[in-house]
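Down below is the structure, laid out as structure tokens.
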Amino acid sequence: MSNKPDNANADSPNPASKDEPAKNIDAYSEYLQLAEGNRPPHLYQLLDIELFCPHPERINQAVRRQFRKIKPYEENPDRRVRERIQDVMTHIATAKTVLNNPIQKTEYDERLAKVLKIDRDEFFSTQTAGRPPEFCITVIAGPAQVGSRFELLPDKTVTLGTNPQATICLPSLRLAPLQATVTERDENWVIRSANESLVMIVNDTRCHEYVLEPDDVIDLVGYRILFSEISKTVRKGPVAPPLSLVVHSGPSVPDPMMNLVAPASVLIGRCDTTLWQLAGKSMSLHHARVESDGAFWQLRDLHSDTGTFLNGDKVTQSILSHRDVIKFGPYEIQVRLRK
């Protein structure tokens, strides 16, 4: 293909002028790690996904991933480099808009097929041999990304950690840049911690590697992740609304907020394997648990030494309501329910 922009890229930013000091920087290669090729790249190259990708969720995952990669460079001291980065970010935003609109996507795909001299019908017929995604992982508890679902593609390794370039970036002071990977092996999906010293718990059992089955629950120090079949992710019956637990007062903690969506549960205590670690001598190793129960969230004390208090009253088990205040040892926690 020619190195000149084509009609399918008409919505892309224009290359920087030749007199810029940043003229030799290929922002797409430098910041998005894209292979050399047509500049500006077409939208599928930009997102580093398969040509004419038909899956909206896959497209949106790619958009989030590319934004995470380039966003740390927004504050580059060179103004012209910042402008180049902003152009790329605008291009990513355009990709999100165009490829999420069925009419715009069809028109774009038709233009791109002509530019690439590809017969779309023939192209799709050659893709039918590839297996569609059957499984996904969903973040159901943690400081961020809660409710986000990621399809598992047979030929892709999913990385989890604090690195912005990880497939699933999980901000936390407790996690490593690369905490774990999820890979297909012999037609099974396997999760493996990056090294044996890192905490990974599957179905309440600490392990280094685990062959996943539908509805398995993975804990990565501060995050809870559900592995499930895509075709069976729709829950029936009443579902508890999204919940946030926020430290209102008490000692400093790595993650002052814990967000949950059903069917999550969160084990709270001072032990380093608890999902929400709240340190302090008056905290038990396993102090309490918050878990979904139908349309409600339940608070359960786990025979803690100093007790669990809800709105000033000591409780062993209680249903949570919006604006409730929970007290564990030196911590006051505010409950927020979102409809």
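Identifiers in this document derive from the order of the structure tokens: chains are assigned A, B, ..., residues are numbered from 1 separately in each chain, and ligands are numbered from 1 in order of occurrence.
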
Exercise for review: Assign secondary structure with DSSP using the backbone only, and return the residues of segment 84-134 of chain A in alpha helix (DSSP H) as a VMD selection string.
Suggested key: chain A and resid 84 to 99 102 to 116 120 to 127

Preceding selection exported with N, CA and C atoms as a compact mmCIF listing (two decimals), in the first residue's frame:
# COMPACT_ATOMS: atom_id res chain seq x y z
N ARG A 84 1.16 16.23 18.74
CA ARG A 84 1.11 14.98 17.98
C ARG A 84 0.36 13.90 18.77
N ILE A 85 0.63 13.85 20.06
CA ILE A 85 -0.05 12.87 20.92
C ILE A 85 -1.55 13.16 20.96
N GLN A 86 -1.91 14.43 21.04
CA GLN A 86 -3.32 14.80 21.05
C GLN A 86 -4.00 14.40 19.74
N ASP A 87 -3.27 14.53 18.63
CA ASP A 87 -3.81 14.09 17.34
C ASP A 87 -4.13 12.60 17.36
N VAL A 88 -3.21 11.81 17.92
CA VAL A 88 -3.42 10.36 17.98
C VAL A 88 -4.62 10.05 18.88
N MET A 89 -4.73 10.75 19.99
CA MET A 89 -5.86 10.52 20.90
C MET A 89 -7.18 10.89 20.22
N THR A 90 -7.16 11.94 19.42
CA THR A 90 -8.35 12.31 18.65
C THR A 90 -8.70 11.21 17.65
N HIS A 91 -7.67 10.64 17.04
CA HIS A 91 -7.87 9.55 16.08
C HIS A 91 -8.51 8.34 16.77
N ILE A 92 -8.06 8.02 17.99
CA ILE A 92 -8.65 6.91 18.75
C ILE A 92 -10.11 7.20 19.09
N ALA A 93 -10.38 8.45 19.49
CA ALA A 93 -11.77 8.83 19.79
C ALA A 93 -12.65 8.70 18.55
N THR A 94 -12.09 9.06 17.40
CA THR A 94 -12.83 8.91 16.14
C THR A 94 -13.14 7.45 15.87
N ALA A 95 -12.15 6.58 16.11
CA ALA A 95 -12.36 5.14 15.92
C ALA A 95 -13.51 4.64 16.79
N LYS A 96 -13.54 5.09 18.03
CA LYS A 96 -14.62 4.67 18.94
C LYS A 96 -15.97 5.11 18.40
N THR A 97 -16.06 6.35 17.94
CA THR A 97 -17.34 6.88 17.44
C THR A 97 -17.78 6.15 16.17
N VAL A 98 -16.88 6.02 15.21
CA VAL A 98 -17.23 5.44 13.92
C VAL A 98 -17.56 3.96 14.04
N LEU A 99 -16.74 3.21 14.76
CA LEU A 99 -16.90 1.75 14.79
C LEU A 99 -17.98 1.29 15.74
N PRO A 102 -23.37 1.59 13.84
CA PRO A 102 -23.52 0.58 12.78
C PRO A 102 -23.53 1.17 11.37
N ILE A 103 -24.19 2.31 11.19
CA ILE A 103 -24.26 2.91 9.86
C ILE A 103 -22.89 3.44 9.44
N GLN A 104 -22.24 4.21 10.35
CA GLN A 104 -20.92 4.75 10.04
C GLN A 104 -19.90 3.64 9.83
N LYS A 105 -20.00 2.57 10.63
CA LYS A 105 -19.05 1.46 10.50
C LYS A 105 -19.20 0.77 9.14
N THR A 106 -20.44 0.55 8.72
CA THR A 106 -20.66 -0.09 7.42
C THR A 106 -20.09 0.76 6.29
N GLU A 107 -20.36 2.07 6.35
CA GLU A 107 -19.83 2.96 5.32
C GLU A 107 -18.30 2.98 5.33
N TYR A 108 -17.73 3.03 6.53
CA TYR A 108 -16.27 3.06 6.64
C TYR A 108 -15.67 1.75 6.12
N ASP A 109 -16.28 0.63 6.50
CA ASP A 109 -15.76 -0.67 6.07
C ASP A 109 -15.81 -0.81 4.54
N GLU A 110 -16.86 -0.30 3.94
CA GLU A 110 -16.98 -0.37 2.48
C GLU A 110 -15.90 0.46 1.81
N ARG A 111 -15.64 1.68 2.35
CA ARG A 111 -14.59 2.52 1.79
C ARG A 111 -13.22 1.87 1.96
N LEU A 112 -12.99 1.33 3.16
CA LEU A 112 -11.70 0.71 3.44
C LEU A 112 -11.47 -0.51 2.56
N ALA A 113 -12.51 -1.31 2.35
CA ALA A 113 -12.38 -2.49 1.49
C ALA A 113 -11.96 -2.10 0.08
N LYS A 114 -12.52 -0.99 -0.42
CA LYS A 114 -12.15 -0.53 -1.76
C LYS A 114 -10.69 -0.07 -1.79
N VAL A 115 -10.29 0.66 -0.76
CA VAL A 115 -8.90 1.14 -0.71
C VAL A 115 -7.93 -0.03 -0.64
N LEU A 116 -8.26 -1.04 0.16
CA LEU A 116 -7.39 -2.20 0.34
C LEU A 116 -7.56 -3.23 -0.78
N ARG A 120 -15.09 -7.94 0.60
CA ARG A 120 -15.47 -8.17 2.00
C ARG A 120 -16.15 -9.51 2.20
N ASP A 121 -17.04 -9.90 1.27
CA ASP A 121 -17.73 -11.19 1.41
C ASP A 121 -16.74 -12.34 1.41
N GLU A 122 -15.76 -12.27 0.51
CA GLU A 122 -14.75 -13.32 0.45
C GLU A 122 -13.88 -13.29 1.70
N PHE A 123 -13.58 -12.08 2.17
CA PHE A 123 -12.77 -11.94 3.38
C PHE A 123 -13.45 -12.60 4.57
N PHE A 124 -14.75 -12.31 4.76
CA PHE A 124 -15.46 -12.88 5.90
C PHE A 124 -15.60 -14.39 5.78
N SER A 125 -15.73 -14.89 4.55
CA SER A 125 -15.86 -16.34 4.38
C SER A 125 -14.60 -17.07 4.82
N THR A 126 -13.44 -16.40 4.70
CA THR A 126 -12.18 -17.03 5.12
C THR A 126 -11.99 -16.93 6.63
N GLN A 127 -12.80 -16.09 7.29
CA GLN A 127 -12.64 -15.91 8.74
C GLN A 127 -13.53 -16.84 9.55

Point to revise | Distance query Trp297 of chain A at most 6 Å, only C-alpha atoms, self and fewer than 4 positions along chain excluded, as a list in words | key: Glu291, Ser292, Asp293, Ile319 and Leu320 of chain A

**Study point:** Nearest candidate to His208 of chain A (options A:Ser249, A:Ser228, A:Gln179, A:Ser172; using only C-alpha atoms)
**Key:**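 Among A:Ser249, A:Ser228, A:Gln179, A:Ser172, it is A:Gln179 that comes nearest to His208 of chain A.
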
Review point. Could you state the separation of atom CA of Leu153 of chain A and atom CA of Asp186 of chain A in Å, given to one decimal place?
Key: 13.9 Å

Point to revise | Best match for closeness to Arg185 of chain A among A:Pro154, A:Pro251, A:Gly37, A:Pro143, counting only C-alpha atoms | key: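 When distances to Arg185 of chain A are compared using only C-alpha atoms, the smallest one comes from A:Pro154.
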
Practice item. Work out how far apart atom CA of Arg82 of chain A and atom CA of Thr159 of chain A are and give it in Å to one decimal. Key: 28.2 Å

Practice item. Select, from A:Ser265, A:Gln66, A:Ser29, A:Gln334, the residue with the minimum atom-to-atom distance to Asn203 of chain A, counting only C-alpha atoms. Key: A:Ser265

If you run DSSP over the backbone, which residues in segment 105-332 of chain A end up strand (DSSP E or B)? Put them as a short mmCIF file (atom, residue, chain, number, x, y, z; two decimals) with C-alpha atoms, in the first residue's frame.
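Written file, part12.cif:
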data_model
loop_
_atom_site.label_atom_id
_atom_site.label_comp_id
_atom_site.auth_asym_id
_atom_site.auth_seq_id
_atom_site.Cartn_x
_atom_site.Cartn_y
_atom_site.Cartn_z
CA PHE A 135 -15.54 -17.06 27.70
CA CYS A 136 -14.99 -13.75 29.44
CA ILE A 137 -13.64 -12.37 32.69
CA THR A 138 -15.49 -9.64 34.57
CA VAL A 139 -14.13 -7.42 37.33
CA ILE A 140 -16.77 -7.70 40.06
CA ALA A 141 -14.95 -6.05 42.98
CA GLY A 142 -12.05 -3.68 43.39
CA ARG A 149 -16.06 -7.35 30.98
CA PHE A 150 -13.27 -8.67 28.74
CA GLU A 151 -13.80 -11.35 26.13
CA LEU A 152 -11.10 -14.03 25.95
CA VAL A 158 -4.62 -11.46 28.58
CA THR A 159 -2.32 -9.68 31.04
CA LEU A 160 -3.50 -8.25 34.37
CA GLY A 161 -1.61 -5.74 36.48
CA ILE A 168 -6.65 -5.25 31.97
CA CYS A 169 -5.05 -2.36 33.87
CA ALA A 180 -1.10 -12.59 36.25
CA THR A 181 -1.84 -13.85 32.75
CA VAL A 182 -4.79 -15.73 31.27
CA THR A 183 -3.98 -17.97 28.31
CA GLU A 184 -5.70 -20.75 26.39
CA ARG A 185 -3.85 -24.06 26.67
CA ASN A 188 -8.67 -24.78 28.49
CA TRP A 189 -8.20 -21.30 29.90
CA VAL A 190 -5.40 -21.12 32.44
CA ILE A 191 -4.62 -18.27 34.84
CA ARG A 192 -1.05 -18.05 36.12
CA SER A 193 0.53 -15.56 38.52
CA ILE A 201 -6.48 -16.99 45.09
CA VAL A 202 -8.97 -19.01 43.02
CA THR A 205 -7.52 -21.48 47.47
CA ARG A 206 -4.13 -19.84 47.03
CA GLU A 209 -1.62 -21.65 38.30
CA TYR A 210 -5.18 -22.80 37.80
CA VAL A 211 -7.26 -24.32 34.99
CA ASP A 216 -14.62 -19.59 39.08
CA VAL A 217 -13.74 -16.56 41.20
CA ILE A 218 -10.22 -15.13 41.15
CA ASP A 219 -8.81 -12.81 43.83
CA LEU A 220 -5.79 -10.66 42.98
CA TYR A 223 -9.64 -7.22 42.91
CA ARG A 224 -12.16 -10.02 42.44
CA ILE A 225 -12.66 -11.38 38.93
CA LEU A 226 -15.32 -13.78 37.64
CA PHE A 227 -14.59 -16.25 34.83
CA SER A 228 -17.77 -17.15 32.93
CA GLU A 229 -19.28 -18.30 29.66
CA LEU A 243 -22.14 -0.95 45.88
CA SER A 244 -19.25 1.26 47.00
CA LEU A 245 -17.58 1.09 50.41
CA VAL A 246 -15.59 4.23 51.16
CA VAL A 247 -13.22 4.83 54.08
CA HIS A 248 -14.68 7.95 55.72
CA SER A 249 -12.17 8.08 58.59
CA MET A 257 -12.62 2.60 48.16
CA MET A 258 -13.96 -0.84 47.31
CA ASN A 259 -16.55 -1.14 44.54
CA LEU A 260 -18.66 -4.24 43.98
CA SER A 265 -18.36 -10.69 47.93
CA VAL A 266 -15.52 -8.97 49.73
CA LEU A 267 -13.55 -10.36 52.65
CA ILE A 268 -12.32 -7.56 54.92
CA GLY A 269 -9.52 -7.74 57.48
CA TRP A 276 -9.93 -5.39 51.14
CA GLN A 277 -7.03 -5.05 53.53
CA ALA A 288 -16.11 -9.22 58.19
CA ARG A 289 -17.62 -9.99 54.82
CA VAL A 290 -19.94 -8.04 52.53
CA GLU A 291 -21.77 -10.15 49.94
CA SER A 292 -24.75 -9.93 47.62
CA ASP A 293 -27.93 -11.77 48.57
CA PHE A 296 -29.62 -6.81 48.76
CA TRP A 297 -26.11 -6.58 50.20
CA GLN A 298 -25.41 -8.37 53.48
CA LEU A 299 -22.84 -7.41 56.10
CA ARG A 300 -21.58 -10.33 58.20
CA ASP A 301 -19.22 -10.20 61.16
CA THR A 308 -18.62 -4.92 63.62
CA PHE A 309 -20.89 -1.91 64.08
CA LEU A 310 -23.59 -0.57 61.76
CA ASP A 313 -25.09 -0.76 66.78
CA LYS A 314 -23.03 -3.94 67.09
CA VAL A 315 -24.23 -6.49 64.54
CA GLN A 317 -25.46 -9.83 60.26
CA SER A 318 -27.44 -7.03 58.63
CA ILE A 319 -28.73 -5.77 55.27
CA VAL A 325 -21.95 3.80 58.29
CA ILE A 326 -19.97 0.67 59.17
CA LYS A 327 -17.29 0.71 61.87
CA PHE A 328 -14.45 -1.81 61.90
CA TYR A 331 -12.25 2.65 60.44
CA GLU A 332 -15.56 4.29 59.58
#
